[in-house]
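Coordinates as given in coords.pdb (PDB, C-alpha atoms):
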MODEL        1
ATOM      1  CA  MET A 159     105.031 110.593  96.110
ATOM      2  CA  ARG A 160     107.813 109.198  98.264
ATOM      3  CA  TYR A 161     111.074 108.149  96.624
ATOM      4  CA  VAL A 162     113.746 105.624  97.525
ATOM      5  CA  THR A 163     117.349 106.408  96.650
ATOM      6  CA  ALA A 164     119.797 103.518  96.504
ATOM      7  CA  ALA A 165     122.456 102.133  94.193
ATOM      8  CA  GLY A 166     122.712 105.470  92.438
ATOM      9  CA  VAL A 167     119.070 105.617  91.331
ATOM     10  CA  ARG A 168     116.009 107.406  92.680
ATOM     11  CA  LEU A 169     112.783 105.447  92.302
ATOM     12  CA  SER A 170     109.192 106.096  93.281
ATOM     13  CA  ALA A 171     108.254 103.903  96.227
ATOM     14  CA  ILE A 172     105.258 102.748  94.191
ATOM     15  CA  GLY A 173     105.867 101.815  90.577
ATOM     16  CA  VAL A 174     103.774 100.213  87.857
ATOM     17  CA  GLY A 175     104.003  96.514  87.062
ATOM     18  CA  ALA A 176     103.123  95.969  83.400
ATOM     19  CA  TRP A 177     102.552  92.209  83.283
ATOM     20  CA  GLN A 178      98.867  92.789  82.508
ATOM     21  CA  PHE A 179      99.555  95.029  79.515
ATOM     22  CA  GLY A 180      98.416  93.009  76.502
ATOM     23  CA  SER A 181      98.554  89.685  78.370
ATOM     24  CA  ARG A 182      95.566  87.478  77.576
ATOM     25  CA  GLU A 183      95.886  85.462  80.778
ATOM     26  CA  TRP A 184      94.595  88.395  82.815
ATOM     27  CA  GLY A 185      91.410  88.604  80.746
ATOM     28  CA  TYR A 186      91.403  92.408  80.524
ATOM     29  CA  GLY A 187      90.731  92.459  76.786
ATOM     30  CA  LYS A 188      91.643  94.509  73.739
ATOM     31  CA  GLU A 189      90.274  97.817  75.038
ATOM     32  CA  TYR A 190      92.523  97.611  78.084
ATOM     33  CA  ALA A 191      95.621  96.848  76.010
ATOM     34  CA  GLU A 192      94.993  99.539  73.409
ATOM     35  CA  HIS A 193      93.710 102.361  75.599
ATOM     36  CA  GLU A 194      93.537 101.838  79.372
ATOM     37  CA  ALA A 195      97.122 100.600  79.768
ATOM     38  CA  GLY A 196      98.474 103.734  78.110
ATOM     39  CA  ALA A 197      96.191 105.914  80.200
ATOM     40  CA  ILE A 198      97.461 104.184  83.352
ATOM     41  CA  LEU A 199     101.055 105.000  82.450
ATOM     42  CA  GLU A 200     100.232 108.612  81.556
ATOM     43  CA  ARG A 201      98.485 109.112  84.881
ATOM     44  CA  ALA A 202     101.300 107.388  86.752
ATOM     45  CA  LEU A 203     103.812 109.846  85.341
ATOM     46  CA  ASP A 204     101.487 112.741  86.188
ATOM     47  CA  LEU A 205     101.507 111.560  89.813
ATOM     48  CA  GLY A 206     105.294 111.324  90.029
ATOM     49  CA  VAL A 207     105.664 107.587  89.497
ATOM     50  CA  ASN A 208     108.865 106.902  87.590
ATOM     51  CA  LEU A 209     109.407 103.134  87.967
ATOM     52  CA  ILE A 210     107.822 101.177  85.098
ATOM     53  CA  ASP A 211     108.568  97.446  85.051
ATOM     54  CA  THR A 212     107.904  95.124  82.135
ATOM     55  CA  ALA A 213     109.499  92.045  80.523
ATOM     56  CA  GLU A 214     110.043  90.521  77.108
ATOM     57  CA  ILE A 215     107.867  87.536  78.089
ATOM     58  CA  TYR A 216     104.843  89.677  79.008
ATOM     59  CA  ALA A 217     102.427  89.204  76.110
ATOM     60  CA  PHE A 218     105.489  88.144  74.100
ATOM     61  CA  GLY A 219     106.809  91.669  73.740
ATOM     62  CA  GLN A 220     103.475  93.468  73.525
ATOM     63  CA  SER A 221     103.814  94.865  77.045
ATOM     64  CA  GLU A 222     107.144  96.453  76.121
ATOM     65  CA  ARG A 223     105.577  97.993  73.016
ATOM     66  CA  ILE A 224     102.689  99.440  75.049
ATOM     67  CA  VAL A 225     105.128 100.941  77.546
ATOM     68  CA  GLY A 226     107.231 102.386  74.744
ATOM     69  CA  ARG A 227     104.259 104.042  73.026
ATOM     70  CA  ALA A 228     103.131 105.637  76.276
ATOM     71  CA  LEU A 229     106.590 107.081  76.898
ATOM     72  CA  THR A 230     107.098 108.554  73.442
ATOM     73  CA  SER A 231     106.997 112.163  74.626
ATOM     74  CA  ARG A 232     107.812 111.558  78.309
ATOM     75  CA  ARG A 233     110.901 109.365  78.291
ATOM     76  CA  ALA A 234     112.825 111.599  80.687
ATOM     77  CA  GLU A 235     110.197 111.082  83.405
ATOM     78  CA  ALA A 236     110.493 107.300  83.538
ATOM     79  CA  PHE A 237     112.920 104.723  84.876
ATOM     80  CA  VAL A 238     112.268 101.770  82.570
ATOM     81  CA  ALA A 239     112.986  98.242  83.748
ATOM     82  CA  THR A 240     112.556  95.114  81.674
ATOM     83  CA  LYS A 241     113.623  91.505  81.981
ATOM     84  CA  LEU A 242     115.332  88.774  79.974
ATOM     85  CA  PHE A 243     113.629  85.380  80.152
ATOM     86  CA  PRO A 244     116.709  83.166  80.559
ATOM     87  CA  ILE A 245     116.315  80.558  77.831
ATOM     88  CA  LEU A 246     119.860  79.802  76.638
ATOM     89  CA  PRO A 247     121.252  83.011  78.210
ATOM     90  CA  ILE A 248     124.690  82.853  76.605
ATOM     91  CA  PRO A 249     126.308  86.157  75.614
ATOM     92  CA  PRO A 250     125.219  86.381  71.936
ATOM     93  CA  VAL A 251     121.615  85.513  72.863
ATOM     94  CA  VAL A 252     121.515  87.944  75.784
ATOM     95  CA  VAL A 253     122.887  90.746  73.620
ATOM     96  CA  ARG A 254     120.473  90.067  70.761
ATOM     97  CA  ARG A 255     117.455  89.955  73.046
ATOM     98  CA  GLY A 256     118.521  93.011  75.021
ATOM     99  CA  ARG A 257     118.703  94.958  71.780
ATOM    100  CA  ALA A 258     115.292  93.569  70.761
ATOM    101  CA  SER A 259     113.733  94.777  74.031
ATOM    102  CA  LEU A 260     115.295  98.195  73.479
ATOM    103  CA  ALA A 261     113.790  98.329  69.967
ATOM    104  CA  ARG A 262     110.313  97.354  71.207
ATOM    105  CA  LEU A 263     110.492  99.986  73.941
ATOM    106  CA  GLY A 264     111.748 102.571  71.449
ATOM    107  CA  ILE A 265     113.894 104.336  74.046
ATOM    108  CA  ASP A 266     117.501 105.477  74.186
ATOM    109  CA  ALA A 267     118.623 102.891  76.757
ATOM    110  CA  ILE A 268     117.083 100.416  79.194
ATOM    111  CA  ASP A 269     117.520 101.812  82.688
ATOM    112  CA  LEU A 270     117.451  98.392  84.379
ATOM    113  CA  TYR A 271     117.841  95.031  82.625
ATOM    114  CA  GLN A 272     117.062  92.026  84.809
ATOM    115  CA  ILE A 273     117.486  88.266  84.607
ATOM    116  CA  HIS A 274     113.874  87.151  85.041
ATOM    117  CA  GLN A 275     114.522  83.761  86.660
ATOM    118  CA  PRO A 276     117.551  81.753  87.740
ATOM    119  CA  ASN A 277     118.910  79.391  85.100
ATOM    120  CA  PRO A 278     120.819  76.687  86.989
ATOM    121  CA  VAL A 279     122.153  75.048  83.815
ATOM    122  CA  VAL A 280     123.984  77.912  82.105
ATOM    123  CA  PRO A 281     126.920  79.150  84.221
ATOM    124  CA  LEU A 282     126.489  82.634  85.651
ATOM    125  CA  ARG A 283     129.780  83.581  84.016
ATOM    126  CA  LEU A 284     128.168  83.153  80.593
ATOM    127  CA  GLN A 285     124.896  84.824  81.544
ATOM    128  CA  VAL A 286     126.506  87.983  82.837
ATOM    129  CA  GLY A 287     128.907  88.163  79.907
ATOM    130  CA  GLY A 288     126.072  89.325  77.703
ATOM    131  CA  PHE A 289     124.927  91.846  80.290
ATOM    132  CA  ARG A 290     128.451  93.227  80.541
ATOM    133  CA  GLN A 291     128.538  93.752  76.776
ATOM    134  CA  LEU A 292     125.159  95.515  76.849
ATOM    135  CA  LEU A 293     126.470  97.807  79.583
ATOM    136  CA  ASP A 294     129.589  98.584  77.562
ATOM    137  CA  GLU A 295     127.502  99.358  74.474
ATOM    138  CA  GLY A 296     125.128 101.645  76.387
ATOM    139  CA  VAL A 297     122.094  99.491  75.572
ATOM    140  CA  ILE A 298     121.428  99.154  79.300
ATOM    141  CA  ARG A 299     122.367 101.358  82.240
ATOM    142  CA  ALA A 300     122.144  98.924  85.161
ATOM    143  CA  VAL A 301     121.787  95.200  85.850
ATOM    144  CA  GLY A 302     119.304  93.512  88.157
ATOM    145  CA  VAL A 303     118.053  90.016  88.918
ATOM    146  CA  SER A 304     114.669  88.563  89.734
ATOM    147  CA  ASN A 305     113.627  85.614  91.904
ATOM    148  CA  PHE A 306     117.246  85.085  93.016
ATOM    149  CA  SER A 307     118.357  83.860  96.406
ATOM    150  CA  LEU A 308     120.773  86.083  98.283
ATOM    151  CA  ASP A 309     123.691  83.750  97.500
ATOM    152  CA  ARG A 310     122.911  83.794  93.798
ATOM    153  CA  TRP A 311     122.423  87.566  93.788
ATOM    154  CA  GLN A 312     125.844  87.994  95.387
ATOM    155  CA  ALA A 313     127.420  85.496  92.989
ATOM    156  CA  THR A 314     125.954  87.345  89.998
ATOM    157  CA  GLU A 315     127.502  90.575  91.225
ATOM    158  CA  ARG A 316     130.900  88.923  91.650
ATOM    159  CA  GLU A 317     130.752  87.530  88.121
ATOM    160  CA  LEU A 318     129.652  90.871  86.651
ATOM    161  CA  GLY A 319     132.379  92.760  88.478
ATOM    162  CA  SER A 320     130.050  95.708  89.112
ATOM    163  CA  PRO A 321     126.837  96.300  91.085
ATOM    164  CA  VAL A 322     123.745  94.209  90.460
ATOM    165  CA  ILE A 323     121.549  96.915  91.862
ATOM    166  CA  SER A 324     118.279  95.089  92.490
ATOM    167  CA  ASN A 325     116.498  91.821  93.073
ATOM    168  CA  GLN A 326     112.841  91.676  92.058
ATOM    169  CA  VAL A 327     111.015  89.140  94.220
ATOM    170  CA  GLN A 328     107.563  88.238  95.408
ATOM    171  CA  TYR A 329     107.147  90.163  98.634
ATOM    172  CA  SER A 330     103.991  90.934 100.563
ATOM    173  CA  LEU A 331     102.234  90.213 103.829
ATOM    174  CA  VAL A 332     101.707  86.639 102.581
ATOM    175  CA  ALA A 333     105.212  86.236 101.114
ATOM    176  CA  LEU A 334     107.583  87.251 103.888
ATOM    177  CA  GLY A 335     110.718  85.412 102.788
ATOM    178  CA  PRO A 336     112.675  88.515 101.672
ATOM    179  CA  GLU A 337     112.516  89.842 105.241
ATOM    180  CA  ASP A 338     114.979  87.202 106.391
ATOM    181  CA  ASP A 339     117.965  88.059 104.201
ATOM    182  CA  LEU A 340     117.331  90.042 100.994
ATOM    183  CA  VAL A 341     115.974  93.203 102.632
ATOM    184  CA  PRO A 342     118.653  93.439 105.351
ATOM    185  CA  TRP A 343     121.413  92.829 102.782
ATOM    186  CA  ALA A 344     119.984  95.436 100.403
ATOM    187  CA  LYS A 345     119.897  97.993 103.202
ATOM    188  CA  GLU A 346     123.455  97.231 104.288
ATOM    189  CA  HIS A 347     124.910  97.279 100.761
ATOM    190  CA  ASP A 348     122.943 100.104  99.132
ATOM    191  CA  ARG A 349     120.915  97.807  96.875
ATOM    192  CA  LEU A 350     117.198  97.568  96.111
ATOM    193  CA  VAL A 351     114.480  94.974  96.576
ATOM    194  CA  ILE A 352     111.647  95.387  94.067
ATOM    195  CA  ALA A 353     108.489  93.791  95.432
ATOM    196  CA  TYR A 354     106.255  92.194  92.821
ATOM    197  CA  SER A 355     102.769  90.927  93.631
ATOM    198  CA  PRO A 356     102.748  93.141  96.757
ATOM    199  CA  LEU A 357      98.976  92.645  97.009
ATOM    200  CA  ALA A 358      99.216  88.875  96.479
ATOM    201  CA  GLN A 359      97.289  89.182  93.185
ATOM    202  CA  GLY A 360      94.478  90.964  95.006
ATOM    203  CA  LEU A 361      94.084  88.757  98.076
ATOM    204  CA  LEU A 362      95.187  91.628 100.313
ATOM    205  CA  SER A 363      92.563  93.945  98.837
ATOM    206  CA  GLY A 364      89.992  92.115 100.947
ATOM    207  CA  ARG A 365      87.638  91.819  97.967
ATOM    208  CA  PHE A 366      87.582  88.035  97.790
ATOM    209  CA  ASP A 367      86.063  85.336  99.973
ATOM    210  CA  GLY A 368      84.761  81.789  99.661
ATOM    211  CA  THR A 369      81.774  82.934  97.606
ATOM    212  CA  ASN A 370      83.723  85.379  95.419
ATOM    213  CA  THR A 371      86.972  84.130  93.913
ATOM    214  CA  PRO A 372      88.916  85.608  90.996
ATOM    215  CA  SER A 373      88.980  84.299  87.434
ATOM    216  CA  GLY A 374      91.735  84.180  84.831
ATOM    217  CA  ILE A 375      95.292  83.448  85.873
ATOM    218  CA  ARG A 376      94.484  84.128  89.525
ATOM    219  CA  SER A 377      92.172  81.092  89.594
ATOM    220  CA  THR A 378      95.333  78.950  89.572
ATOM    221  CA  ASN A 379      96.717  80.680  92.675
ATOM    222  CA  SER A 380      96.274  78.475  95.728
ATOM    223  CA  LEU A 381      95.848  81.542  97.948
ATOM    224  CA  PHE A 382      92.291  81.814  96.614
ATOM    225  CA  LEU A 383      91.264  78.324  97.674
ATOM    226  CA  PRO A 384      88.249  78.631 100.023
ATOM    227  CA  GLU A 385      90.192  77.158 102.924
ATOM    228  CA  ASN A 386      93.035  79.634 102.437
ATOM    229  CA  LEU A 387      90.618  82.554 102.224
ATOM    230  CA  ALA A 388      89.172  81.385 105.533
ATOM    231  CA  LEU A 389      92.657  81.108 107.058
ATOM    232  CA  ALA A 390      93.425  84.653 105.893
ATOM    233  CA  ALA A 391      90.485  86.113 107.848
ATOM    234  CA  GLY A 392      92.645  87.376 110.726
ATOM    235  CA  LEU A 393      95.068  89.144 108.405
ATOM    236  CA  LEU A 394      92.291  90.655 106.292
ATOM    237  CA  ASP A 395      90.427  91.823 109.390
ATOM    238  CA  ALA A 396      93.583  93.584 110.626
ATOM    239  CA  LEU A 397      94.026  95.260 107.241
ATOM    240  CA  ARG A 398      90.406  96.446 107.255
ATOM    241  CA  GLU A 399      90.623  97.832 110.802
ATOM    242  CA  ILE A 400      93.854  99.712 110.152
ATOM    243  CA  ALA A 401      92.514 100.952 106.830
ATOM    244  CA  LYS A 402      89.409 102.313 108.530
ATOM    245  CA  ALA A 403      91.552 104.201 111.046
ATOM    246  CA  HIS A 404      93.416 105.900 108.193
ATOM    247  CA  GLY A 405      90.479 106.444 105.854
ATOM    248  CA  ALA A 406      92.238 104.129 103.419
ATOM    249  CA  THR A 407      91.671 100.763 101.773
ATOM    250  CA  PRO A 408      93.104  97.392 102.858
ATOM    251  CA  ALA A 409      95.164  97.320  99.649
ATOM    252  CA  GLN A 410      96.705 100.692 100.460
ATOM    253  CA  VAL A 411      97.629  99.510 103.947
ATOM    254  CA  ALA A 412      99.217  96.348 102.514
ATOM    255  CA  LEU A 413     101.281  98.442 100.081
ATOM    256  CA  ALA A 414     102.265 100.906 102.808
ATOM    257  CA  TRP A 415     103.501  97.983 104.916
ATOM    258  CA  VAL A 416     105.777  96.714 102.125
ATOM    259  CA  ILE A 417     107.355 100.046 101.235
ATOM    260  CA  ARG A 418     107.906 100.872 104.915
ATOM    261  CA  ARG A 419     110.854  98.473 104.676
ATOM    262  CA  PRO A 420     114.221 100.082 103.890
ATOM    263  CA  ASN A 421     115.424  99.968 100.281
ATOM    264  CA  VAL A 422     112.150  98.423  99.088
ATOM    265  CA  VAL A 423     109.900  99.627  96.276
ATOM    266  CA  ALA A 424     106.717  97.948  95.062
ATOM    267  CA  ILE A 425     105.322  97.425  91.558
ATOM    268  CA  PRO A 426     101.615  96.579  91.822
ATOM    269  CA  GLY A 427      99.635  96.144  88.641
ATOM    270  CA  ALA A 428      96.529  98.194  87.913
ATOM    271  CA  SER A 429      93.365  97.293  86.045
ATOM    272  CA  SER A 430      92.273 100.921  85.701
ATOM    273  CA  VAL A 431      93.430 104.480  86.169
ATOM    274  CA  ARG A 432      91.400 104.608  89.365
ATOM    275  CA  GLN A 433      93.217 101.611  90.801
ATOM    276  CA  LEU A 434      96.541 103.154  89.815
ATOM    277  CA  GLU A 435      95.624 106.315  91.704
ATOM    278  CA  GLN A 436      94.711 104.283  94.780
ATOM    279  CA  ASN A 437      98.000 102.378  94.607
ATOM    280  CA  VAL A 438      99.998 105.589  94.341
ATOM    281  CA  ALA A 439      98.206 107.125  97.333
ATOM    282  CA  ALA A 440      99.646 104.326  99.483
ATOM    283  CA  ALA A 441     103.072 105.968  99.202
ATOM    284  CA  ASP A 442     101.825 108.750 101.472
ATOM    285  CA  LEU A 443     100.163 106.483 104.050
ATOM    286  CA  GLU A 444     102.137 106.457 107.290
ATOM    287  CA  LEU A 445     101.645 103.385 109.458
ATOM    288  CA  SER A 446     102.557 103.475 113.125
ATOM    289  CA  ASP A 447     105.071 101.079 114.621
ATOM    290  CA  ASP A 448     102.237  99.339 116.483
ATOM    291  CA  GLU A 449     100.226  98.908 113.283
ATOM    292  CA  ASP A 450     103.272  97.552 111.478
ATOM    293  CA  THR A 451     103.954  95.089 114.289
ATOM    294  CA  ARG A 452     100.351  93.906 114.360
ATOM    295  CA  LEU A 453     100.299  93.286 110.613
ATOM    296  CA  THR A 454     103.604  91.431 110.723
ATOM    297  CA  GLN A 455     102.425  89.216 113.558
ATOM    298  CA  VAL A 456      99.135  88.219 111.930
ATOM    299  CA  ALA A 457     100.931  87.723 108.612
ATOM    300  CA  ARG A 458     103.384  85.295 110.191
ATOM    301  CA  ALA A 459     100.463  83.395 111.714
ATOM    302  CA  PHE A 460      98.899  82.869 108.263
ATOM    303  CA  THR A 461      99.896  79.397 107.034
ATOM    304  CA  PRO A 462      98.022  78.666 103.810
ATOM    305  CA  VAL A 463      97.892  75.359 101.973
ATOM    306  CA  ARG A 464     100.497  75.686  99.221
ATOM    307  CA  GLY A 465     102.635  73.715  96.832
ATOM    308  CA  VAL A 466     101.973  70.042  96.149
ATOM    309  CA  ALA A 467      99.350  69.868  98.894
ATOM    310  CA  ALA A 468      97.262  72.498  97.107
ATOM    311  CA  LEU A 469      97.266  70.829  93.666
ATOM    312  CA  PRO A 470      94.374  68.369  94.240
ATOM    313  CA  ARG A 471      92.253  71.175  95.688
ATOM    314  CA  LEU A 472      92.970  73.453  92.718
ATOM    315  CA  ALA A 473      92.099  70.640  90.307
ATOM    316  CA  ARG A 474      88.774  69.991  92.055
ATOM    317  CA  GLN A 475      88.006  73.706  92.085
ATOM    318  CA  ARG A 476      88.588  74.004  88.327
ATOM    319  CA  LEU A 477      86.366  71.001  87.656
ATOM    320  CA  HIS A 478      83.484  72.679  89.502
ATOM    321  CA  ARG A 479      83.747  76.050  87.729
TER     322      ARG A 479
ENDMDL
END

Would you mind writing the structure in this file as structure tokens?
Amino acid sequence: MRYVTAAGVRLSAIGVGAWQFGSREWGYGKEYAEHEAGAILERALDLGVNLIDTAEIYAFGQSERIVGRALTSRRAEAFVATKLFPILPIPPVVVRRGRASLARLGIDAIDLYQIHQPNPVVPLRLQVGGFRQLLDEGVIRAVGVSNFSLDRWQATERELGSPVISNQVQYSLVALGPEDDLVPWAKEHDRLVIAYSPLAQGLLSGRFDGTNTPSGIRSTNSLFLPENLALAAGLLDALREIAKAHGATPAQVALAWVIRRPNVVAIPGASSVRQLEQNVAAADLELSDDEDTRLTQVARAFTPVRGVAALPRLARQRLHR
């Protein structure tokens, strides 16, 4: 396992994203929540993974409970991150919910507590006031944000008066935005970018095409529209060719590309222990500069139908399921 050291913490380049743990929208079922999720975390720790990321909103606290049970005897091996969903994030609410997350996790302190989404209504001054109190009380050890622009990340740090060590954002070969400002700033200022959905919910695995599209929550993702799958052919072909040269999978190449960036770690989800093992192996996959450049170029050429333009197509697709 390769590790990234920044902002005073040392994290595995590949972590575990725990959104799926207990969440019905993924369709993994009771057996997964009660047994496989715990087995995934146990195996992750065995392999040297220490970054485990969850959130209070994931399965309405059930994900945190699953993580906590799995860490009962192995707390010292894990760096536990969770997130506050910012509904009325004024200090008393933030403090109460931070303590509630700590109780569900059943650990001594939350290593990284993150604001899950920007709240443009409640002033940042009020939001970070609760985080500052949690830091002072030892409930949390570090503060992070998620889905924040660079300006808002910097403003949060100014309001807190101490480092906001990370920004968790969507980052992959089909979500290149962080390359423009977040990643360079993190490198320059000893901060971290945590890449969620680094496989674009499975698009970059190369398993899907116009005749085989995912179900569950991923069926609402416009990337899996038939026309977008067709547009992604060049990128997926490049992933397959590079993967073949390394004896790897397209998903492993896509993960290796993300974590090749400075001060970046990735938190893919896993549907099984086997998939977890494959994700972790990507940390040891070394891409060449030429391979990196090729992937970046074909990724920038991929212009899928997104946003409002994709809504009618998604509606028609759901009607025909």

Which residues would end up in the selection if the PyMOL selection byres ((chain A and resi 430-445) around 8) were applied here, given that I need the answer as a PyMOL selection string? chain A and resi 159-160+171-173+194-195+197-198+201-202+205+207+404+409-411+413-415+417+426-429+446-447+449-450

For those residues, write C-alpha atoms to a file as a PDB file, in the frame of the given file.
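Resulting contents of part.pdb:
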ATOM      1  CA  MET A 159     105.031 110.593  96.110  1.00  0.00           C
ATOM      2  CA  ARG A 160     107.813 109.198  98.264  1.00  0.00           C
ATOM      3  CA  ALA A 171     108.254 103.903  96.227  1.00  0.00           C
ATOM      4  CA  ILE A 172     105.258 102.748  94.191  1.00  0.00           C
ATOM      5  CA  GLY A 173     105.867 101.815  90.577  1.00  0.00           C
ATOM      6  CA  GLU A 194      93.537 101.838  79.372  1.00  0.00           C
ATOM      7  CA  ALA A 195      97.122 100.600  79.768  1.00  0.00           C
ATOM      8  CA  ALA A 197      96.191 105.914  80.200  1.00  0.00           C
ATOM      9  CA  ILE A 198      97.461 104.184  83.352  1.00  0.00           C
ATOM     10  CA  ARG A 201      98.485 109.112  84.881  1.00  0.00           C
ATOM     11  CA  ALA A 202     101.300 107.388  86.752  1.00  0.00           C
ATOM     12  CA  LEU A 205     101.507 111.560  89.813  1.00  0.00           C
ATOM     13  CA  VAL A 207     105.664 107.587  89.497  1.00  0.00           C
ATOM     14  CA  HIS A 404      93.416 105.900 108.193  1.00  0.00           C
ATOM     15  CA  ALA A 409      95.164  97.320  99.649  1.00  0.00           C
ATOM     16  CA  GLN A 410      96.705 100.692 100.460  1.00  0.00           C
ATOM     17  CA  VAL A 411      97.629  99.510 103.947  1.00  0.00           C
ATOM     18  CA  LEU A 413     101.281  98.442 100.081  1.00  0.00           C
ATOM     19  CA  ALA A 414     102.265 100.906 102.808  1.00  0.00           C
ATOM     20  CA  TRP A 415     103.501  97.983 104.916  1.00  0.00           C
ATOM     21  CA  ILE A 417     107.355 100.046 101.235  1.00  0.00           C
ATOM     22  CA  PRO A 426     101.615  96.579  91.822  1.00  0.00           C
ATOM     23  CA  GLY A 427      99.635  96.144  88.641  1.00  0.00           C
ATOM     24  CA  ALA A 428      96.529  98.194  87.913  1.00  0.00           C
ATOM     25  CA  SER A 429      93.365  97.293  86.045  1.00  0.00           C
ATOM     26  CA  SER A 446     102.557 103.475 113.125  1.00  0.00           C
ATOM     27  CA  ASP A 447     105.071 101.079 114.621  1.00  0.00           C
ATOM     28  CA  GLU A 449     100.226  98.908 113.283  1.00  0.00           C
ATOM     29  CA  ASP A 450     103.272  97.552 111.478  1.00  0.00           C
TER      30      ASP A 450
END

Show me, as JSON, the centre and edge lengths in Å to one decimal of the axis-aligned box that covers every listed atom of region 181-193 of chain A with 4 Å on each side.
{"center_x": 94.4, "center_y": 93.9, "center_z": 78.1, "size_x": 16.3, "size_y": 24.9, "size_z": 17.4}

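Atom pair CA of Arg233 (chain A) / CA of Ala261 (chain A) has a distance of 14.1 Å (rounded to one decimal).
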
To one decimal place, how far is CA of Pro247 (chain A) from CA of Glu295 (chain A) in Å? 17.9 Å

Quick one: residues within 12 Å of Ala344 (chain A), all atoms listed in the file, excluding same-chain residues fewer than 4 positions away - as a ChimeraX atom specification? /A:163-165,308,311-312,321-326,336-340,348-352,419-423

Near region 384-399 of chain A, counting only C-alpha atoms, which residues have an atom at most 7 Å away, once you skip same-chain residues fewer than 6 positions from it, shown as a PDB file with C-alpha atoms, keeping the file's coordinate frame?
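Okay, result_21.pdb is ready:
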ATOM      1  CA  LEU A 362      95.187  91.628 100.313  1.00  0.00           C
ATOM      2  CA  GLY A 364      89.992  92.115 100.947  1.00  0.00           C
ATOM      3  CA  ASP A 367      86.063  85.336  99.973  1.00  0.00           C
ATOM      4  CA  GLY A 368      84.761  81.789  99.661  1.00  0.00           C
ATOM      5  CA  PRO A 408      93.104  97.392 102.858  1.00  0.00           C
ATOM      6  CA  VAL A 411      97.629  99.510 103.947  1.00  0.00           C
ATOM      7  CA  LEU A 453     100.299  93.286 110.613  1.00  0.00           C
ATOM      8  CA  VAL A 456      99.135  88.219 111.930  1.00  0.00           C
ATOM      9  CA  ALA A 457     100.931  87.723 108.612  1.00  0.00           C
ATOM     10  CA  PHE A 460      98.899  82.869 108.263  1.00  0.00           C
ATOM     11  CA  PRO A 462      98.022  78.666 103.810  1.00  0.00           C
ATOM     12  CA  VAL A 463      97.892  75.359 101.973  1.00  0.00           C
TER      13      VAL A 463
END

Coordinates-based distance that separates CA of Gly219 (chain A) from CA of Ser181 (chain A) (Å, one decimal):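 Going from CA of Ser181 (chain A) over to CA of Gly219 (chain A) covers 9.7 Å.
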
Test item: residues at most 7 Å from region 275-292 of chain A, only C-alpha atoms, excluding those fewer than 5 positions along its chain, as a PyMOL selection string: chain A and resi 243-244+247-250+252-253+297-298+304-306+314+317-318

Rank nothing, just name the residue among A:Gly206, A:Leu199, A:Trp343, A:Leu331 nearest to Ser307 (chain A), using only C-alpha atoms.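 Checking each of A:Gly206, A:Leu199, A:Trp343, A:Leu331 against Ser307 (chain A), counting only C-alpha atoms, the winner is A:Trp343.
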
Nearest to Arg464 (chain A) by atom-to-atom distance, counting only C-alpha atoms, from A:Leu381, A:Val341, A:Val238, A:Ala358: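 Answer, going by the shortest atom-to-atom distance: A:Leu381.
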
Find the residues near Arg227 (chain A): any atom within 8 Å, counting all atoms listed in the file, skip ones fewer than 5 places away on the same chain, and give them as an MDAnalysis selection string. chainID A and resid 196 263:264

Would you save the residues of that selection, restricted to C-alpha atoms, as an mmCIF file, in the frame of the given file?
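Saved file selection36.cif follows:
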data_model
loop_
_atom_site.group_PDB
_atom_site.id
_atom_site.type_symbol
_atom_site.label_atom_id
_atom_site.label_comp_id
_atom_site.auth_asym_id
_atom_site.auth_seq_id
_atom_site.Cartn_x
_atom_site.Cartn_y
_atom_site.Cartn_z
ATOM 1 C CA GLY A 196 98.474 103.734 78.110
ATOM 2 C CA LEU A 263 110.492 99.986 73.941
ATOM 3 C CA GLY A 264 111.748 102.571 71.449
#

Starting from the shown file, work through the PyMOL selection byres ((chain A and resi 223) around 10) and note down what comes out as a PyMOL selection string. chain A and resi 179-180+212+214+217-222+224-229+259-264
